[in-house]
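Here is the structure we will look at, set down as structure tokens.
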Amino acid sequence: MDADVTIIGAGVVGLAVAGALADGRSGIYILEKNDSHGRGTSSRNSEVIHAGIYYPPGSLKARFCIEGREMLYEICERNNLPHRKTGKLLIAASEKEMEKIGQLYRNALRNGVKSVSLLEEKEVREMEPNIKAFGALHSPETGILNAHSLMDYFLHKAREKGAEIVYRTLVIGVEIVSGGYRITTVNAEGEYFAFTSERVINAAGLQSDVVARMIGKQYLLHYCKGDYFSIDGAKRDMVRRLIYPVPEENHVGLGVHLTLDLSGRMRLGPDATYIERVEDYRVDKGKADMFYASAVRFLPFLRREDIIPDMSGIRPKLQARGEGFRDFIVSEDMPGFINLVGIESPGLTAAPAIARFIKNIFT
Ligand SMILES: Cc1cc2nc3c(=O)[nH]c(=O)nc-3n(C[C@H](O)[C@H](O)[C@H](O)COP(=O)(O)OP(=O)(O)OC[C@H]3O[C@@H](n4cnc5c(N)ncnc54)[C@H](O)[C@@H]3O)c2cc1C
């Protein structure tokens, strides 16, 4: 088999790229080490369609989040994919925190997120009577979706136009050859296979730096884990919007926040803890007290026993512990070889916009 385009990794980004590039003519292959798609970070996140409030103006994170959000709502509506524009409140616990909320408000406007507004305590209470806040930023464009339905949609779209997905296939080497790249893989039975591809998209998520190094490009990812705790179902109708505190400094995480899924289930998290480079998804039950203490400040109806360990995800961060903001890397580092590295949040929201950007590079 020789390929026109090979996409390494079947997470939401690789699948969105496949959906955008497949045209019924080119030989497009998606290679995935697991036995199904979307088993990595793409199925271990908050499933939030972000508005684009936090990211520095001019960054790829801001640009792709805003473009991706608009594209996602359109895709979901046109294809009846489960989603809901819940809206979100970014809340301040004090007057001092309200200053920070004001900065985020101005940042959102600079990013072109015009729908945001600032609310006083009374207005917050009218919207969400069960939460406690000094004031808030209201983001009506924020929403939630079902990440698996979205990935199934991208894969279906790609397959319909001739792309093929090959599971249980780990890419272990890439060699630069005339006319493209020689890709070596090993499957779950230990069988090796090599083929040539004219173009390659590295969408390998937590392993994208390892794949980039196969063509000599040095990136280094740091793993930053986020645990989630769910809230007892009896409390499910207490809050209708997503509720976020003031984010952590330096864009490490967004702070332990309250998200809802499409069934109305409430979840707290994720926190942000740098870990060794292992994909260990066990939830640290010992964090329950910390989660409770963080959340009860704005969810006064919570009881300690309402909080149950749920799941976790790992952020592929370019930003090392203690460092400042790092942007997505979307870079054609060799002719026809595009590295997608550090695609942490808002990567789910940004996926269709990243895919469109790559399509424009290739056409
Ligand atoms: C805790 C958490 C919460 C988040 N919340 C949100 C949110 O609410 N909204 C939002 O927009 N974003 C969110 N994100 C970010 C979002 O989930 C990610 O940016 C996005 O899922 C990244 O998708 P991906 O396709 O790049 O990576 P992945 O989903 O990790 O896919 C990469 C794929 O590559 C495969 N792979 C790796 N190496 C190889 C190889 N050598 N050969 C073959 N296959 C390989 C893996 O098996 C995997 O399937 C969150 C992230 C985390 C960690």
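Convention: chains lettered A, B, ... in structure tokens order; per-chain residue numbering from 1; ligands numbered from 1 as shown.
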Inset, instruction - Could you give me the residues within stretch 278-313 of chain A that DSSP places in strand (DSSP E or B), as a list in words? - result: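 Here is the list: Ile307, Ile308, Pro309, Asp310, Met311, Ser312 and Gly313 of chain A.
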Legend entry - Within 6 Å of ligand 1, counting only C-alpha atoms and all ligand atoms, residues as number ranges by chain: A: 8-14, 31-34, 37-42, 45-50, 169-172, 203-207, 226, 270, 313-315, 343-349
Which parts of stretch 116-317 of chain A does DSSP call helix (DSSP H, G or I) when run on the backbone here, written out as an mmCIF file with N, CA and C atoms, in the first residue's frame?
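File produced: selection_19.cif:
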```
data_model
loop_
_atom_site.group_PDB
_atom_site.id
_atom_site.type_symbol
_atom_site.label_atom_id
_atom_site.label_comp_id
_atom_site.auth_asym_id
_atom_site.auth_seq_id
_atom_site.Cartn_x
_atom_site.Cartn_y
_atom_site.Cartn_z
ATOM 1 N N GLU A 121 -23.932 40.361 41.624
ATOM 2 C CA GLU A 121 -24.374 39.249 42.475
ATOM 3 C C GLU A 121 -25.868 38.922 42.279
ATOM 4 N N LYS A 122 -26.690 39.991 42.257
ATOM 5 C CA LYS A 122 -28.138 39.786 42.153
ATOM 6 C C LYS A 122 -28.515 39.105 40.813
ATOM 7 N N GLU A 123 -27.824 39.533 39.746
ATOM 8 C CA GLU A 123 -28.122 38.960 38.423
ATOM 9 C C GLU A 123 -27.700 37.490 38.358
ATOM 10 N N VAL A 124 -26.576 37.181 39.023
ATOM 11 C CA VAL A 124 -26.137 35.782 39.064
ATOM 12 C C VAL A 124 -27.196 34.957 39.800
ATOM 13 N N ARG A 125 -27.691 35.503 40.898
ATOM 14 C CA ARG A 125 -28.680 34.760 41.712
ATOM 15 C C ARG A 125 -29.966 34.508 40.917
ATOM 16 N N GLU A 126 -30.318 35.490 40.084
ATOM 17 C CA GLU A 126 -31.530 35.290 39.260
ATOM 18 C C GLU A 126 -31.331 34.149 38.250
ATOM 19 N N MET A 127 -30.119 34.056 37.720
ATOM 20 C CA MET A 127 -29.838 33.007 36.729
ATOM 21 C C MET A 127 -29.663 31.647 37.380
ATOM 22 N N ALA A 147 -18.570 13.832 22.819
ATOM 23 C CA ALA A 147 -17.325 13.747 22.024
ATOM 24 C C ALA A 147 -17.326 12.500 21.138
ATOM 25 N N HIS A 148 -17.882 11.389 21.629
ATOM 26 C CA HIS A 148 -17.900 10.167 20.819
ATOM 27 C C HIS A 148 -18.773 10.320 19.584
ATOM 28 N N SER A 149 -19.931 10.964 19.746
ATOM 29 C CA SER A 149 -20.807 11.174 18.583
ATOM 30 C C SER A 149 -20.097 12.031 17.549
ATOM 31 N N LEU A 150 -19.358 13.044 18.032
ATOM 32 C CA LEU A 150 -18.640 13.918 17.106
ATOM 33 C C LEU A 150 -17.558 13.122 16.359
ATOM 34 N N MET A 151 -16.809 12.297 17.100
ATOM 35 C CA MET A 151 -15.746 11.513 16.450
ATOM 36 C C MET A 151 -16.336 10.510 15.468
ATOM 37 N N ASP A 152 -17.441 9.874 15.841
ATOM 38 C CA ASP A 152 -18.102 8.936 14.918
ATOM 39 C C ASP A 152 -18.510 9.669 13.634
ATOM 40 N N TYR A 153 -18.993 10.898 13.810
ATOM 41 C CA TYR A 153 -19.397 11.681 12.638
ATOM 42 C C TYR A 153 -18.201 11.958 11.723
ATOM 43 N N PHE A 154 -17.075 12.425 12.306
ATOM 44 C CA PHE A 154 -15.892 12.722 11.481
ATOM 45 C C PHE A 154 -15.415 11.453 10.755
ATOM 46 N N LEU A 155 -15.413 10.332 11.476
ATOM 47 C CA LEU A 155 -14.926 9.086 10.866
ATOM 48 C C LEU A 155 -15.856 8.649 9.732
ATOM 49 N N HIS A 156 -17.148 8.746 9.969
ATOM 50 C CA HIS A 156 -18.123 8.368 8.949
ATOM 51 C C HIS A 156 -17.922 9.222 7.690
ATOM 52 N N LYS A 157 -17.743 10.520 7.909
ATOM 53 C CA LYS A 157 -17.557 11.452 6.793
ATOM 54 C C LYS A 157 -16.287 11.091 6.010
ATOM 55 N N ALA A 158 -15.221 10.759 6.742
ATOM 56 C CA ALA A 158 -13.950 10.416 6.088
ATOM 57 C C ALA A 158 -14.087 9.117 5.294
ATOM 58 N N ARG A 159 -14.737 8.125 5.911
ATOM 59 C CA ARG A 159 -14.871 6.814 5.241
ATOM 60 C C ARG A 159 -15.748 6.903 4.009
ATOM 61 N N GLU A 160 -16.801 7.702 4.126
ATOM 62 C CA GLU A 160 -17.715 7.881 2.994
ATOM 63 C C GLU A 160 -16.967 8.384 1.758
ATOM 64 N N GLY A 205 -1.404 12.973 19.693
ATOM 65 C CA GLY A 205 -1.779 13.381 21.052
ATOM 66 C C GLY A 205 -0.619 13.311 22.038
ATOM 67 N N LEU A 206 -0.770 12.489 23.061
ATOM 68 C CA LEU A 206 0.242 12.387 24.120
ATOM 69 C C LEU A 206 1.583 11.861 23.608
ATOM 70 N N GLN A 207 1.576 11.253 22.411
ATOM 71 C CA GLN A 207 2.816 10.726 21.821
ATOM 72 C C GLN A 207 3.278 11.561 20.631
ATOM 73 N N SER A 208 2.684 12.736 20.432
ATOM 74 C CA SER A 208 2.999 13.495 19.212
ATOM 75 C C SER A 208 4.441 13.990 19.198
ATOM 76 N N ASP A 209 5.032 14.238 20.373
ATOM 77 C CA ASP A 209 6.447 14.649 20.385
ATOM 78 C C ASP A 209 7.353 13.484 19.987
ATOM 79 N N VAL A 210 6.963 12.263 20.386
ATOM 80 C CA VAL A 210 7.751 11.070 20.033
ATOM 81 C C VAL A 210 7.718 10.883 18.514
ATOM 82 N N VAL A 211 6.531 11.047 17.926
ATOM 83 C CA VAL A 211 6.400 10.891 16.469
ATOM 84 C C VAL A 211 7.180 12.004 15.755
ATOM 85 N N ALA A 212 7.112 13.236 16.266
ATOM 86 C CA ALA A 212 7.846 14.350 15.636
ATOM 87 C C ALA A 212 9.347 14.064 15.637
ATOM 88 N N ARG A 213 9.828 13.439 16.702
ATOM 89 C CA ARG A 213 11.266 13.132 16.786
ATOM 90 C C ARG A 213 11.691 12.133 15.715
ATOM 91 N N GLY A 233 -26.412 12.097 41.938
ATOM 92 C CA GLY A 233 -27.492 12.390 40.994
ATOM 93 C C GLY A 233 -28.668 13.128 41.609
ATOM 94 N N ALA A 234 -28.880 13.002 42.911
ATOM 95 C CA ALA A 234 -30.013 13.671 43.565
ATOM 96 C C ALA A 234 -29.901 15.192 43.427
ATOM 97 N N LYS A 235 -28.678 15.699 43.175
ATOM 98 C CA LYS A 235 -28.476 17.158 43.097
ATOM 99 C C LYS A 235 -28.524 17.663 41.652
ATOM 100 N N GLU A 249 -3.297 30.517 37.732
ATOM 101 C CA GLU A 249 -2.313 31.398 37.091
ATOM 102 C C GLU A 249 -1.614 30.651 35.962
ATOM 103 N N ASN A 250 -1.104 31.368 35.010
ATOM 104 C CA ASN A 250 -0.249 30.812 33.943
ATOM 105 C C ASN A 250 -0.919 29.780 33.055
ATOM 106 N N HIS A 251 -2.241 29.779 32.988
ATOM 107 C CA HIS A 251 -2.945 28.901 32.052
ATOM 108 C C HIS A 251 -2.645 27.411 32.279
ATOM 109 N N LYS A 285 -8.281 9.131 44.829
ATOM 110 C CA LYS A 285 -9.455 9.319 45.715
ATOM 111 C C LYS A 285 -9.142 10.283 46.856
ATOM 112 N N GLY A 286 -7.853 10.370 47.189
ATOM 113 C CA GLY A 286 -7.413 11.246 48.277
ATOM 114 C C GLY A 286 -7.649 12.723 47.994
ATOM 115 N N LYS A 287 -8.009 13.049 46.741
ATOM 116 C CA LYS A 287 -8.245 14.470 46.413
ATOM 117 C C LYS A 287 -9.673 14.902 46.746
ATOM 118 N N ALA A 288 -10.498 13.972 47.223
ATOM 119 C CA ALA A 288 -11.918 14.302 47.420
ATOM 120 C C ALA A 288 -12.101 15.500 48.344
ATOM 121 N N ASP A 289 -11.302 15.585 49.409
ATOM 122 C CA ASP A 289 -11.462 16.706 50.351
ATOM 123 C C ASP A 289 -11.140 18.030 49.659
ATOM 124 N N MET A 290 -10.076 18.014 48.851
ATOM 125 C CA MET A 290 -9.678 19.232 48.134
ATOM 126 C C MET A 290 -10.772 19.647 47.148
ATOM 127 N N PHE A 291 -11.328 18.663 46.422
ATOM 128 C CA PHE A 291 -12.399 18.977 45.462
ATOM 129 C C PHE A 291 -13.607 19.563 46.194
ATOM 130 N N TYR A 292 -13.946 18.939 47.321
ATOM 131 C CA TYR A 292 -15.095 19.416 48.080
ATOM 132 C C TYR A 292 -14.856 20.861 48.548
ATOM 133 N N ALA A 293 -13.662 21.095 49.116
ATOM 134 C CA ALA A 293 -13.353 22.432 49.656
ATOM 135 C C ALA A 293 -13.380 23.479 48.534
ATOM 136 N N SER A 294 -12.868 23.136 47.346
ATOM 137 C CA SER A 294 -12.867 24.106 46.240
ATOM 138 C C SER A 294 -14.288 24.396 45.778
ATOM 139 N N ALA A 295 -15.091 23.335 45.681
ATOM 140 C CA ALA A 295 -16.409 23.493 45.057
ATOM 141 C C ALA A 295 -17.466 24.054 46.006
ATOM 142 N N VAL A 296 -17.363 23.734 47.293
ATOM 143 C CA VAL A 296 -18.425 24.163 48.224
ATOM 144 C C VAL A 296 -18.446 25.694 48.360
ATOM 145 N N ARG A 304 -20.079 16.723 51.604
ATOM 146 C CA ARG A 304 -18.854 15.974 51.312
ATOM 147 C C ARG A 304 -19.182 14.606 50.701
ATOM 148 N N GLU A 305 -20.267 13.975 51.222
ATOM 149 C CA GLU A 305 -20.596 12.619 50.752
ATOM 150 C C GLU A 305 -21.236 12.606 49.351
ATOM 151 N N ASP A 306 -21.509 13.799 48.792
ATOM 152 C CA ASP A 306 -22.074 13.856 47.431
ATOM 153 C C ASP A 306 -21.021 13.589 46.359
#
```
Shell of 6 Å around stretch 51-68 of chain A, only C-alpha atoms, local chain residues under 3 positions omitted, as a short mmCIF file (atom, residue, chain, number, x, y, z; two decimals) with C-alpha atoms, in the first residue's frame:
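Produced file result27.cif, reproduced below:
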```
data_model
loop_
_atom_site.label_atom_id
_atom_site.label_comp_id
_atom_site.auth_asym_id
_atom_site.auth_seq_id
_atom_site.Cartn_x
_atom_site.Cartn_y
_atom_site.Cartn_z
CA MET A 71 -18.07 25.13 13.11
CA LEU A 72 -19.03 22.66 15.86
CA ALA A 108 -12.69 37.80 25.50
CA ASN A 111 -10.57 37.79 20.96
CA GLU A 141 -21.92 30.72 23.61
CA THR A 142 -20.35 27.98 25.77
CA THR A 349 -13.45 22.66 20.31
CA ALA A 350 -10.62 23.58 17.94
CA PRO A 352 -12.63 21.22 13.00
CA ALA A 353 -10.79 24.54 12.62
#
```
Inset, instruction - Could you tell me which of A:Lys317, A:Arg78, A:Arg326, A:Arg25 comes closest to A:Tyr223 if we count only C-alpha atoms? - result: A:Lys317
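Excluding A:Ser263 and any residue on its chain fewer than 4 positions from it, the residues at most 12 Å away by only C-alpha atoms are A:Pro82, A:His83, A:Arg84, A:Ile144, A:Leu145, A:Asn146, A:Gly233, A:Arg236, A:Asp237, A:Arg240, A:Thr259, A:Arg267.
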Inset, instruction - Have a look at atom CA of A:Glu97 and atom CA of A:Pro247 and let me know their distance in Å, one decimal. - result: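 Distance reported for this atom pair: 10.2 Å.
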Selection: 8 Å around A:Leu254, only C-alpha atoms, excl. self and same-chain fewer than 6 positions, as a PDB file with N, CA and C atoms, in the first residue's frame:
```
ATOM      1  N   TYR A 244     -17.544  28.043  36.439  1.00  0.00           N
ATOM      2  CA  TYR A 244     -16.084  28.011  36.557  1.00  0.00           C
ATOM      3  C   TYR A 244     -15.615  29.072  37.546  1.00  0.00           C
ATOM      4  N   PRO A 245     -14.623  28.733  38.381  1.00  0.00           N
ATOM      5  CA  PRO A 245     -14.024  29.775  39.221  1.00  0.00           C
ATOM      6  C   PRO A 245     -13.007  30.568  38.407  1.00  0.00           C
ATOM      7  N   VAL A 246     -12.352  31.518  39.020  1.00  0.00           N
ATOM      8  CA  VAL A 246     -11.246  32.234  38.370  1.00  0.00           C
ATOM      9  C   VAL A 246     -10.149  31.204  38.055  1.00  0.00           C
ATOM     10  N   PRO A 247      -9.616  31.221  36.818  1.00  0.00           N
ATOM     11  CA  PRO A 247      -8.653  30.169  36.465  1.00  0.00           C
ATOM     12  C   PRO A 247      -7.336  30.267  37.213  1.00  0.00           C
ATOM     13  N   GLU A 248      -6.598  29.151  37.169  1.00  0.00           N
ATOM     14  CA  GLU A 248      -5.279  29.132  37.799  1.00  0.00           C
ATOM     15  C   GLU A 248      -4.347  30.071  37.043  1.00  0.00           C
ATOM     16  N   ASP A 271      -8.747  18.923  37.986  1.00  0.00           N
ATOM     17  CA  ASP A 271      -7.646  19.682  38.578  1.00  0.00           C
ATOM     18  C   ASP A 271      -6.449  19.570  37.642  1.00  0.00           C
TER      19      ASP A 271
END
```
Inset, instruction - Show which residues sit within 6 Å of A:Leu137, as a list in words. Count only C-alpha atoms, and ignore same-chain residues fewer than 5 positions away. - result: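 With the cut-off at 6 Å, the set is Leu89, Leu90, Ser117 and Leu118 of chain A.
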Inset, instruction - Counting only C-alpha atoms, figure out which residue out of A:Gly336, A:Arg69, A:Glu198, A:Asp4 gets nearest to A:Gly27. - result: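 When distances to A:Gly27 are compared using only C-alpha atoms, the smallest one comes from A:Asp4.
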Would you kindly return, as an mmCIF file with C-alpha atoms, in the first residue's frame, each protein, DNA or RNA residue with an atom no farther than 10 Å from any atom of A:Glu276, considering only C-alpha atoms and excluding same-chain residues fewer than 4 positions away?
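around.cif was written with the following content:
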```cif
data_model
loop_
_atom_site.group_PDB
_atom_site.id
_atom_site.type_symbol
_atom_site.label_atom_id
_atom_site.label_comp_id
_atom_site.auth_asym_id
_atom_site.auth_seq_id
_atom_site.Cartn_x
_atom_site.Cartn_y
_atom_site.Cartn_z
ATOM 1 C CA HIS A 222 4.818 17.210 29.832
ATOM 2 C CA TYR A 223 1.889 15.212 31.173
ATOM 3 C CA CYS A 224 -0.536 17.128 33.366
ATOM 4 C CA LYS A 225 -3.306 15.030 34.803
ATOM 5 C CA ASP A 280 -2.093 6.156 34.382
#
```
Inset, instruction - Rank nothing, just name the residue among A:Asn339, A:Asn80, A:Thr86, A:Ser94 nearest to A:Leu262, using only C-alpha atoms. - result: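 Counting only C-alpha atoms, the residue closest to A:Leu262 is A:Thr86.
Of the listed residues A:Val5, A:Ile201, A:Leu260, A:Ala163, the one whose atoms come nearest to A:Ile231 is A:Leu260, with distances taken using only C-alpha atoms.
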